[in-house]
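J.: This structure is in structure tokens; I'll ask about it shortly.
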Amino acid sequence: MKGTNLGEFEELVLLTIAALVNDAYSVAVCDELEKHTGRVAKLGVVHAVLNRLEEKGLVKSRMGESTNARGGKRKRYYEVTHAGKIALTHAKDVRESLWRIIPGFNLEGLI
Amino acid sequence: MKRFASQNDHSKKESEAVQPPRWAQRLLNWYCRPDLLEDLQGDLNEYFDRNVLAKGASQARLIYCLDVLKFFRLYTLRKPDFINLFVHWIMIGSYLKTSRRSLMRNKLFSFINIFGLAVSMSVGMLVIAFIVDLRSYDDFHTKKDRIYRVTTTYQNLDQPVMDFASTSVRAGKKIRQTAAGIDALTILRNGFSGDAHVGESTIPLDALWADESFFKVFTFPLLKGNPATALKNPYSLVLTEKTAEKLFGNADPLGKTIRFDTLNYLVTGVAKDVPKLSHLQFDALVSFSTAEAQQTKADPNFLSWENIWQNYVYIVLAEKATPDPLNATLTKLSTLENAANKNVKITIALQPLKEVALGRRLSNSIGPTMVPIVVWILSGLAFVIILSACFNYTNLSIARSLRRSREVGVRKIIGALRGHVLGQFLAESVIVALLAFVFSFVIFLFLRTQFLSLASYVEKLVSLEISYKLILYFLGLATAVGLIAGFLPALFFSRVNALQVIKDASTIKVFRHVSMRKALIVIQYTLSLIFIATTLIGYNQYRGFITFDLGFTTDNILNVRLQQNKGNLLKKELAEIPGILEISQSMMVTSLGSIHGTNAKYINPQDSAMVWLNQVDEHYLPVHNHKLIAGKNFTLRPKKGEETEVIVNEQVLKRFNIANKKPENALGKFLTVDGKKLAIVGVLKDFHYGSVEKKIEPVIFRYSADEPWGYLNVKVSSADLPATLASIDNAWRKIDKVHPLDAKFYDDQIEEAYAQFSVMLKVIGFIAFLAICIASLGLFGMVVFTTETRLKEISIRKVLGASEEGLIYLLSRGFLGLLTMAALIALPATYLFFDKVILVNFAYHQPIGLGELLLGVVVVMGLAFLLIGSQTLKAARKNPAHILKSD
């Protein structure tokens, strides 16, 4: 898992962060993922992935303001870095190029 | 523990709402990297709040705990702080210095701590040495991990199952032929015992029969001779070094002959002496082929599947093999063999060599065994004592914290972190424990000799030699004790708020831990009281056992073991001694716990029952004052094996319902014993044949005046005993020149039979003594401390007119309450424990007296009163002017 290659779940998390814009913190990422994928996203897994993404430099984080909720603890907001954006686009390009070369693949019945 | 709201910016209302478990929060705090901590805490809180709403508080708490545990991952872990460790290293000198100063400043408290820890640790060391010895049994065999013993479960039709360490020769041979995965197998047989004659000298010798693979299985190095062939031929013999020297001196024994009775044995090897920690002990080994040659002729059952009583089979598994497939083979073999005989069910199985010495008790065991439960109990007792001493340390340290907390405050202001203070106090307690270790080692050396001389079987069982490994364990124990004792004080000091302490030391809440300290004192005293009550009750029961009215008299009866001599010859010699009143013969000595059973039938041939047997001559009943309730003593004097009479006890009548249990009518009825019809000539009043743990069971006496394996029961007059005993010894030497006289008074034998109880009592009594000493010291320390801190208060009260008695009451009230509480817990607990758990195992026992229960309390309370009273009186008598003036 070294380098800038994205795992499937990493990509999903990264996309979710991008989608949530200014409100991307761990619990919200979990909720959003659940909403879109229908799978249960465990905090433990998401937390580890967020941490790994930050290590790879694909996201950066800052602490929010402290409020009365969450026992007074601040949230850590994530935002996709330039490298992250490149990685996402790259992943998308790879997929599209692959889609393009699949011959006679009819999706009409599915949609 | 009280719950505190977390110190963060909680609003009052929220802190009252449901909170995640405090310990889980702390755990997270402790292990999580600081830069990840805050938002992770927040996330968990958010989920917790959601779960409280969705699933309820308890579910939410559980999930929180699980989550905290789940987040324990490599990336969340706090990296160890090497700088902190380095700081500890630098500060060791300072810790040592302050520890020394604080030890010297409070000599009394230091003494209490070190003494208590030293005494209790010495007990712990003894237990460790004991366990280490037991666990290193048979360690010298190079194949020890692969050696297994074949054990046997034996069940005779509708009788209880019995487990034997022994097995049949047939099993050994079958396994050797059929089973796969075995490197070597040896068959042993015990019971070779005789007098070895070499030229003029004669030495009694105990040996094992062993076949030629013996040295392939076990590591008993041969100094001389060839291990592969030494035990091959019949009538060959391997001596141990020691026996060889006894028999031949410095001459080379190899190739010489030794005579037993009329048979000559050839010495084919000399083995190194058997190590002490070996379950197999022997003076010599005789080739198994000897036994085969002799026994197959003499005993047609020698090779039968049921003959499981005297033979032992040991197996070396092939390398990397597991015992399971072999065990399955053995079970299959058992089923196959059992098919031939419907009445008995014999199952053989493997037992690892490691469990031979420290494992479950098996009948016919070879060598000493110790059941693990005893080891557990001993460890438990040692643990309790050590804990008690640790409590003292904890209590005294926290109580005196007022003084040390200022030091802690200064350290913290200079820059010590919580961890540093924690380390400092743990280091200090470890230093104290190591100091105590030096003393405790000396006490251990003393205890060791006492423990070994406690009972002969303890001395046979273990040696308790000191080794490097043992010392290492001891140091480990001391360190662990130091850490346990110092943990709570260290935690307490590390939480001290530096600013507060420096400003005004009196604001720190020394007394916040009062209830914990009280609880510790109550626990200590409860344990002490339980121990002492146990000792007293146990002692009373033990006295009850050895003075029990067995139904016959044992006074002044000397039982002389005949050791294969003719009883009548010896009797003739003894009869001439003036101090001897009467002599009888018997096969065995009853009421000592050993039993001898035989099968008997009455009219119904289907109804046979096990009855206990003794074979006696006509003098036996008068010598022992057995009471006949009907009939008379033996009148005929038949030769051995030709008798026609039997004397029974009341239980026999009851068991077979003979003549409606009317003793008079039972006379003349016939019992069939061993296929022989015997007429009942007398009915005895019930007496205790076995030990008093068991109910009285059917017993029969058969006539025999020729029991070379039995005893002479000699009734001696109490006048001039030493002279009588000396003449008995002289008479014995005329008959038997080889074996020393083995004569014991019946009463002493009974005491020996219950020796295990006396050993247990001595151990528990000693522990009780220690527990009381340690608890009393601790209490003393606390009393000294409280009176010292309240000296000013006492003075003021006195000035205002309080009486001395009133002051003593005031000071000791609290402690007395604690002691009463301890007594109220300990006494019912002990009573119930004995009444419901222990004494139900004994068919005949003394009732538990209130006296025994209370005596302990009185002694312990008296001691406590003395301690409290002397200190409070001293405080109350002080001149208030002196104390108040100085302030």
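A note on labels: chains of the structure tokens are A, B, ... as shown, every chain counts residues from 1, and ligands are counted from 1 in their shown order.
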DSSP on the backbone: which residues in range 216-437 of chain B end up as strand (DSSP E or B)? Give the answer as a ChimeraX atom specification.
T.: /B:222-224,236-240,257-260,263-271,284-287,311-317,344-352,358,363,370
J.: Can you pull out every residue within 12 Å of Val46 in chain A, counting only C-alpha atoms, but drop anything in the same chain fewer than 2 positions away, and send it as a ChimeraX atom specification?
T.: /A:9-14,16-17,25-34,40-44,48-53 /B:40,43,71
J.: Print the selection's residues with N, CA, C and O atoms to a file, as a tab-separated table (two decimals), in the first residue's frame.
T.:
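Dumped everything to part16.tsv:
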chain	number	residue	atom	x	y	z
A	9	PHE	N	-11.13	1.41	-0.58
A	9	PHE	CA	-11.77	2.11	0.52
A	9	PHE	C	-11.15	3.49	0.73
A	9	PHE	O	-11.84	4.46	1.02
A	10	GLU	N	-9.82	3.56	0.52
A	10	GLU	CA	-9.14	4.85	0.63
A	10	GLU	C	-9.74	5.85	-0.35
A	10	GLU	O	-9.99	7.00	-0.01
A	11	GLU	N	-9.98	5.36	-1.54
A	11	GLU	CA	-10.53	6.24	-2.57
A	11	GLU	C	-11.91	6.74	-2.15
A	11	GLU	O	-12.22	7.92	-2.25
A	12	LEU	N	-12.71	5.80	-1.61
A	12	LEU	CA	-14.05	6.19	-1.16
A	12	LEU	C	-13.98	7.26	-0.09
A	12	LEU	O	-14.69	8.27	-0.12
A	13	VAL	N	-13.08	7.04	0.88
A	13	VAL	CA	-12.96	8.01	1.97
A	13	VAL	C	-12.52	9.37	1.42
A	13	VAL	O	-13.06	10.42	1.80
A	14	LEU	N	-11.55	9.31	0.53
A	14	LEU	CA	-11.03	10.55	-0.04
A	14	LEU	C	-12.14	11.31	-0.79
A	14	LEU	O	-12.30	12.52	-0.64
A	16	THR	N	-15.31	11.05	-0.20
A	16	THR	CA	-16.27	11.56	0.78
A	16	THR	C	-15.79	12.87	1.38
A	16	THR	O	-16.55	13.82	1.57
A	17	ILE	N	-14.47	12.90	1.66
A	17	ILE	CA	-13.93	14.14	2.23
A	17	ILE	C	-14.12	15.29	1.26
A	17	ILE	O	-14.55	16.38	1.63
A	25	TYR	N	-15.23	15.62	9.01
A	25	TYR	CA	-14.51	15.05	10.15
A	25	TYR	C	-14.96	13.60	10.30
A	25	TYR	O	-15.95	13.18	9.70
A	26	SER	N	-14.22	12.85	11.12
A	26	SER	CA	-14.34	11.38	11.07
A	26	SER	C	-15.77	10.85	11.16
A	26	SER	O	-16.17	10.01	10.35
A	27	VAL	N	-16.54	11.32	12.14
A	27	VAL	CA	-17.88	10.78	12.30
A	27	VAL	C	-18.75	11.10	11.08
A	27	VAL	O	-19.49	10.24	10.59
A	28	ALA	N	-18.59	12.34	10.58
A	28	ALA	CA	-19.38	12.71	9.40
A	28	ALA	C	-19.00	11.87	8.20
A	28	ALA	O	-19.86	11.45	7.42
A	29	VAL	N	-17.71	11.58	8.06
A	29	VAL	CA	-17.25	10.73	6.95
A	29	VAL	C	-17.90	9.37	7.06
A	29	VAL	O	-18.40	8.80	6.08
A	30	CYS	N	-17.93	8.83	8.27
A	30	CYS	CA	-18.57	7.54	8.48
A	30	CYS	C	-20.02	7.56	8.02
A	30	CYS	O	-20.48	6.68	7.29
A	31	ASP	N	-20.73	8.59	8.52
A	31	ASP	CA	-22.15	8.68	8.20
A	31	ASP	C	-22.38	8.78	6.70
A	31	ASP	O	-23.24	8.10	6.13
A	32	GLU	N	-21.59	9.63	6.06
A	32	GLU	CA	-21.75	9.87	4.64
A	32	GLU	C	-21.49	8.59	3.84
A	32	GLU	O	-22.22	8.26	2.90
A	33	LEU	N	-20.44	7.89	4.25
A	33	LEU	CA	-20.09	6.64	3.58
A	33	LEU	C	-21.24	5.65	3.69
A	33	LEU	O	-21.60	4.96	2.73
A	34	GLU	N	-21.80	5.57	4.92
A	34	GLU	CA	-22.89	4.63	5.14
A	34	GLU	C	-24.07	4.96	4.23
A	34	GLU	O	-24.72	4.10	3.65
A	40	VAL	N	-21.94	-0.68	6.53
A	40	VAL	CA	-21.62	-0.07	7.82
A	40	VAL	C	-20.15	0.33	7.83
A	40	VAL	O	-19.28	-0.50	7.57
A	41	ALA	N	-19.88	1.61	8.02
A	41	ALA	CA	-18.50	2.06	8.09
A	41	ALA	C	-18.11	2.22	9.56
A	41	ALA	O	-18.65	3.05	10.25
A	42	LYS	N	-17.19	1.36	9.98
A	42	LYS	CA	-16.77	1.40	11.39
A	42	LYS	C	-15.82	2.56	11.59
A	42	LYS	O	-14.94	2.81	10.76
A	43	LEU	N	-15.96	3.21	12.73
A	43	LEU	CA	-15.09	4.34	13.04
A	43	LEU	C	-13.63	3.89	13.06
A	43	LEU	O	-12.74	4.58	12.56
A	44	GLY	N	-13.42	2.70	13.62
A	44	GLY	CA	-12.04	2.20	13.73
A	44	GLY	C	-11.36	2.12	12.38
A	44	GLY	O	-10.20	2.52	12.23
A	48	ALA	N	-8.43	4.78	10.90
A	48	ALA	CA	-7.12	4.29	10.45
A	48	ALA	C	-6.81	4.78	9.05
A	48	ALA	O	-5.68	5.20	8.76
A	49	VAL	N	-7.85	4.76	8.18
A	49	VAL	CA	-7.64	5.20	6.80
A	49	VAL	C	-7.33	6.69	6.74
A	49	VAL	O	-6.40	7.11	6.03
A	50	LEU	N	-8.07	7.48	7.51
A	50	LEU	CA	-7.81	8.93	7.53
A	50	LEU	C	-6.37	9.18	7.93
A	50	LEU	O	-5.67	10.01	7.35
A	51	ASN	N	-5.94	8.45	8.95
A	51	ASN	CA	-4.59	8.62	9.45
A	51	ASN	C	-3.57	8.27	8.37
A	51	ASN	O	-2.58	8.97	8.16
A	52	ARG	N	-3.88	7.20	7.62
A	52	ARG	CA	-2.95	6.76	6.59
A	52	ARG	C	-2.92	7.77	5.44
A	52	ARG	O	-1.86	8.09	4.90
A	53	LEU	N	-4.11	8.28	5.08
A	53	LEU	CA	-4.17	9.26	3.99
A	53	LEU	C	-3.36	10.50	4.34
A	53	LEU	O	-2.67	11.07	3.51
B	40	LEU	N	-10.07	11.84	18.83
B	40	LEU	CA	-10.52	10.47	19.01
B	40	LEU	C	-11.48	10.40	20.21
B	40	LEU	O	-12.55	9.78	20.13
B	43	ASP	N	-14.70	11.79	19.08
B	43	ASP	CA	-15.45	10.87	18.23
B	43	ASP	C	-16.16	9.82	19.07
B	43	ASP	O	-17.34	9.53	18.87
B	71	PHE	N	-9.26	0.44	19.60
B	71	PHE	CA	-8.37	1.47	19.06
B	71	PHE	C	-6.93	1.31	19.53
B	71	PHE	O	-6.07	2.11	19.19
J.: Could you jot down the CA of Ala19 in chain A to CA of Asp39 in chain B separation for me, Å, one decimal place?
T.: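 Computing the Euclidean distance for CA of Ala19 in chain A and CA of Asp39 in chain B yields 20.9 Å.
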J.: Which polymer residues have any atom within 8 Å of an atom of Pro20 in chain B, counting only C-alpha atoms, with same-chain residues fewer than 2 positions away left out, as a list in words?
T.: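 With the cut-off at 8 Å, the set is Val18, Arg22, Ala24, Gln25, Asn45, Phe48, Ala60, Arg61 and Tyr64 of chain B.
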J.: Hey, can you spit out that residue selection with N, CA, C and O atoms as a JSON list (two decimals), in the first residue's frame?
T.:
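Result saved to out_27.json:
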[["chain", "number", "residue", "atom", "x", "y", "z"],
["B", 18, "VAL", "N", -25.31, 10.71, 31.58],
["B", 18, "VAL", "CA", -24.57, 9.45, 31.53],
["B", 18, "VAL", "C", -23.16, 9.69, 31.01],
["B", 18, "VAL", "O", -22.96, 10.41, 30.04],
["B", 22, "ARG", "N", -15.16, 5.46, 33.46],
["B", 22, "ARG", "CA", -13.98, 6.27, 33.73],
["B", 22, "ARG", "C", -12.69, 5.53, 33.40],
["B", 22, "ARG", "O", -11.75, 6.11, 32.87],
["B", 24, "ALA", "N", -12.14, 3.35, 31.19],
["B", 24, "ALA", "CA", -11.88, 3.26, 29.75],
["B", 24, "ALA", "C", -11.32, 4.59, 29.25],
["B", 24, "ALA", "O", -10.38, 4.63, 28.45],
["B", 25, "GLN", "N", -11.89, 5.68, 29.77],
["B", 25, "GLN", "CA", -11.37, 7.00, 29.38],
["B", 25, "GLN", "C", -9.91, 7.12, 29.75],
["B", 25, "GLN", "O", -9.08, 7.61, 28.98],
["B", 45, "ASN", "N", -16.95, 10.00, 22.16],
["B", 45, "ASN", "CA", -18.02, 10.62, 22.93],
["B", 45, "ASN", "C", -19.28, 10.79, 22.09],
["B", 45, "ASN", "O", -20.39, 10.55, 22.55],
["B", 48, "PHE", "N", -20.85, 7.63, 21.68],
["B", 48, "PHE", "CA", -21.42, 7.22, 22.97],
["B", 48, "PHE", "C", -22.78, 7.89, 23.19],
["B", 48, "PHE", "O", -23.76, 7.24, 23.55],
["B", 60, "ALA", "N", -24.36, 1.37, 25.72],
["B", 60, "ALA", "CA", -23.46, 2.41, 25.23],
["B", 60, "ALA", "C", -22.12, 2.32, 25.94],
["B", 60, "ALA", "O", -21.05, 2.44, 25.31],
["B", 61, "ARG", "N", -22.17, 2.06, 27.25],
["B", 61, "ARG", "CA", -20.91, 1.94, 28.02],
["B", 61, "ARG", "C", -20.08, 0.78, 27.49],
["B", 61, "ARG", "O", -18.88, 0.88, 27.32],
["B", 64, "TYR", "N", -18.53, 1.58, 24.25],
["B", 64, "TYR", "CA", -17.43, 2.53, 24.45],
["B", 64, "TYR", "C", -16.16, 1.78, 24.86],
["B", 64, "TYR", "O", -15.08, 2.00, 24.31]]
J.: Applying 9 Å and only C-alpha atoms, which residues near Phe192 in chain B remain after dropping the ones on its own chain fewer than 2 positions away? List them as a PyMOL selection string.
T.: chain B and resi 189-190+194+205-209+286
J.: Applying 7 Å and only C-alpha atoms, which residues near range 791-793 of chain B remain after dropping the ones on its own chain fewer than 5 positions away? List them as a PyMOL selection string.
T.: chain B and resi 875+883-884
J.: Mind the document's chain letters and residue numbers, and return as JSON, numbers by chain the residues of range 9-83 of chain A that DSSP labels alpha helix (DSSP H).
T.: {"A": [9, 10, 11, 12, 13, 14, 15, 16, 17, 18, 19, 20, 26, 27, 28, 29, 30, 31, 32, 33, 34, 35, 36, 37, 43, 44, 45, 46, 47, 48, 49, 50, 51, 52, 53, 54, 55, 56, 82, 83]}
J.: Deliver the residues from the most recent selection as a file, using N, CA, C and O atoms, as a compact mmCIF listing (two decimals), in the first residue's frame.
T.:
# COMPACT_ATOMS: atom_id res chain seq x y z
N PHE A 9 -11.13 1.41 -0.58
CA PHE A 9 -11.77 2.11 0.52
C PHE A 9 -11.15 3.49 0.73
O PHE A 9 -11.84 4.46 1.02
N GLU A 10 -9.82 3.56 0.52
CA GLU A 10 -9.14 4.85 0.63
C GLU A 10 -9.74 5.85 -0.35
O GLU A 10 -9.99 7.00 -0.01
N GLU A 11 -9.98 5.36 -1.54
CA GLU A 11 -10.53 6.24 -2.57
C GLU A 11 -11.91 6.74 -2.15
O GLU A 11 -12.22 7.92 -2.25
N LEU A 12 -12.71 5.80 -1.61
CA LEU A 12 -14.05 6.19 -1.16
C LEU A 12 -13.98 7.26 -0.09
O LEU A 12 -14.69 8.27 -0.12
N VAL A 13 -13.08 7.04 0.88
CA VAL A 13 -12.96 8.01 1.97
C VAL A 13 -12.52 9.37 1.42
O VAL A 13 -13.06 10.42 1.80
N LEU A 14 -11.55 9.31 0.53
CA LEU A 14 -11.03 10.55 -0.04
C LEU A 14 -12.14 11.31 -0.79
O LEU A 14 -12.30 12.52 -0.64
N LEU A 15 -12.92 10.56 -1.54
CA LEU A 15 -14.03 11.17 -2.27
C LEU A 15 -15.04 11.80 -1.30
O LEU A 15 -15.54 12.88 -1.52
N THR A 16 -15.31 11.05 -0.20
CA THR A 16 -16.27 11.56 0.78
C THR A 16 -15.79 12.87 1.38
O THR A 16 -16.55 13.82 1.57
N ILE A 17 -14.47 12.90 1.66
CA ILE A 17 -13.93 14.14 2.23
C ILE A 17 -14.12 15.29 1.26
O ILE A 17 -14.55 16.38 1.63
N ALA A 18 -13.82 15.01 0.02
CA ALA A 18 -13.99 16.04 -1.00
C ALA A 18 -15.44 16.49 -1.08
O ALA A 18 -15.75 17.68 -1.21
N ALA A 19 -16.36 15.51 -0.96
CA ALA A 19 -17.78 15.82 -1.09
C ALA A 19 -18.29 16.63 0.09
O ALA A 19 -19.15 17.48 -0.05
N LEU A 20 -17.76 16.35 1.26
CA LEU A 20 -18.26 17.03 2.46
C LEU A 20 -17.72 18.45 2.60
O LEU A 20 -18.16 19.20 3.46
N SER A 26 -14.22 12.85 11.12
CA SER A 26 -14.34 11.38 11.07
C SER A 26 -15.77 10.85 11.16
O SER A 26 -16.17 10.01 10.35
N VAL A 27 -16.54 11.32 12.14
CA VAL A 27 -17.88 10.78 12.30
C VAL A 27 -18.75 11.10 11.08
O VAL A 27 -19.49 10.24 10.59
N ALA A 28 -18.59 12.34 10.58
CA ALA A 28 -19.38 12.71 9.40
C ALA A 28 -19.00 11.87 8.20
O ALA A 28 -19.86 11.45 7.42
N VAL A 29 -17.71 11.58 8.06
CA VAL A 29 -17.25 10.73 6.95
C VAL A 29 -17.90 9.37 7.06
O VAL A 29 -18.40 8.80 6.08
N CYS A 30 -17.93 8.83 8.27
CA CYS A 30 -18.57 7.54 8.48
C CYS A 30 -20.02 7.56 8.02
O CYS A 30 -20.48 6.68 7.29
N ASP A 31 -20.73 8.59 8.52
CA ASP A 31 -22.15 8.68 8.20
C ASP A 31 -22.38 8.78 6.70
O ASP A 31 -23.24 8.10 6.13
N GLU A 32 -21.59 9.63 6.06
CA GLU A 32 -21.75 9.87 4.64
C GLU A 32 -21.49 8.59 3.84
O GLU A 32 -22.22 8.26 2.90
N LEU A 33 -20.44 7.89 4.25
CA LEU A 33 -20.09 6.64 3.58
C LEU A 33 -21.24 5.65 3.69
O LEU A 33 -21.60 4.96 2.73
N GLU A 34 -21.80 5.57 4.92
CA GLU A 34 -22.89 4.63 5.14
C GLU A 34 -24.07 4.96 4.23
O GLU A 34 -24.72 4.10 3.65
N LYS A 35 -24.32 6.28 4.15
CA LYS A 35 -25.45 6.74 3.34
C LYS A 35 -25.28 6.33 1.88
O LYS A 35 -26.22 5.86 1.25
N HIS A 36 -24.06 6.49 1.37
CA HIS A 36 -23.86 6.27 -0.05
C HIS A 36 -23.59 4.82 -0.41
O HIS A 36 -23.99 4.36 -1.46
N THR A 37 -22.86 4.13 0.40
CA THR A 37 -22.50 2.75 0.04
C THR A 37 -23.48 1.75 0.59
O THR A 37 -23.57 0.63 0.10
N LEU A 43 -15.96 3.21 12.73
CA LEU A 43 -15.09 4.34 13.04
C LEU A 43 -13.63 3.89 13.06
O LEU A 43 -12.74 4.58 12.56
N GLY A 44 -13.42 2.70 13.62
CA GLY A 44 -12.04 2.20 13.73
C GLY A 44 -11.36 2.12 12.38
O GLY A 44 -10.20 2.52 12.23
N VAL A 45 -12.10 1.63 11.39
CA VAL A 45 -11.53 1.48 10.05
C VAL A 45 -11.31 2.85 9.41
O VAL A 45 -10.22 3.14 8.89
N VAL A 46 -12.33 3.68 9.48
CA VAL A 46 -12.24 5.00 8.85
C VAL A 46 -11.11 5.82 9.48
O VAL A 46 -10.33 6.47 8.79
N HIS A 47 -11.02 5.73 10.80
CA HIS A 47 -9.99 6.48 11.52
C HIS A 47 -8.60 6.08 11.04
O HIS A 47 -7.74 6.94 10.79
N ALA A 48 -8.43 4.78 10.90
CA ALA A 48 -7.12 4.29 10.45
C ALA A 48 -6.81 4.78 9.05
O ALA A 48 -5.68 5.20 8.76
N VAL A 49 -7.85 4.76 8.18
CA VAL A 49 -7.64 5.20 6.80
C VAL A 49 -7.33 6.69 6.74
O VAL A 49 -6.40 7.11 6.03
N LEU A 50 -8.07 7.48 7.51
CA LEU A 50 -7.81 8.93 7.53
C LEU A 50 -6.37 9.18 7.93
O LEU A 50 -5.67 10.01 7.35
N ASN A 51 -5.94 8.45 8.95
CA ASN A 51 -4.59 8.62 9.45
C ASN A 51 -3.57 8.27 8.37
O ASN A 51 -2.58 8.97 8.16
N ARG A 52 -3.88 7.20 7.62
CA ARG A 52 -2.95 6.76 6.59
C ARG A 52 -2.92 7.77 5.44
O ARG A 52 -1.86 8.09 4.90
N LEU A 53 -4.11 8.28 5.08
CA LEU A 53 -4.17 9.26 3.99
C LEU A 53 -3.36 10.50 4.34
O LEU A 53 -2.67 11.07 3.51
N GLU A 54 -3.45 10.90 5.61
CA GLU A 54 -2.69 12.08 6.01
C GLU A 54 -1.19 11.81 5.96
O GLU A 54 -0.41 12.65 5.53
N GLU A 55 -0.82 10.58 6.34
CA GLU A 55 0.59 10.19 6.28
C GLU A 55 1.10 10.24 4.85
O GLU A 55 2.22 10.64 4.58
N LYS A 56 0.24 9.83 3.90
CA LYS A 56 0.63 9.82 2.49
C LYS A 56 0.58 11.22 1.89
O LYS A 56 0.96 11.42 0.75
N HIS A 82 -3.51 18.99 -2.69
CA HIS A 82 -3.29 18.96 -4.13
C HIS A 82 -2.93 17.54 -4.58
O HIS A 82 -3.50 17.01 -5.54
N ALA A 83 -2.04 16.90 -3.81
CA ALA A 83 -1.65 15.52 -4.14
C ALA A 83 -2.86 14.61 -4.12
O ALA A 83 -2.98 13.71 -4.95
J.: Using only C-alpha atoms, pick whichever of B:Asn649, B:Gln541, B:Thr479, B:Thr789 has the shortest atom-to-atom distance to Val692 in chain B.
T.: B:Gln541
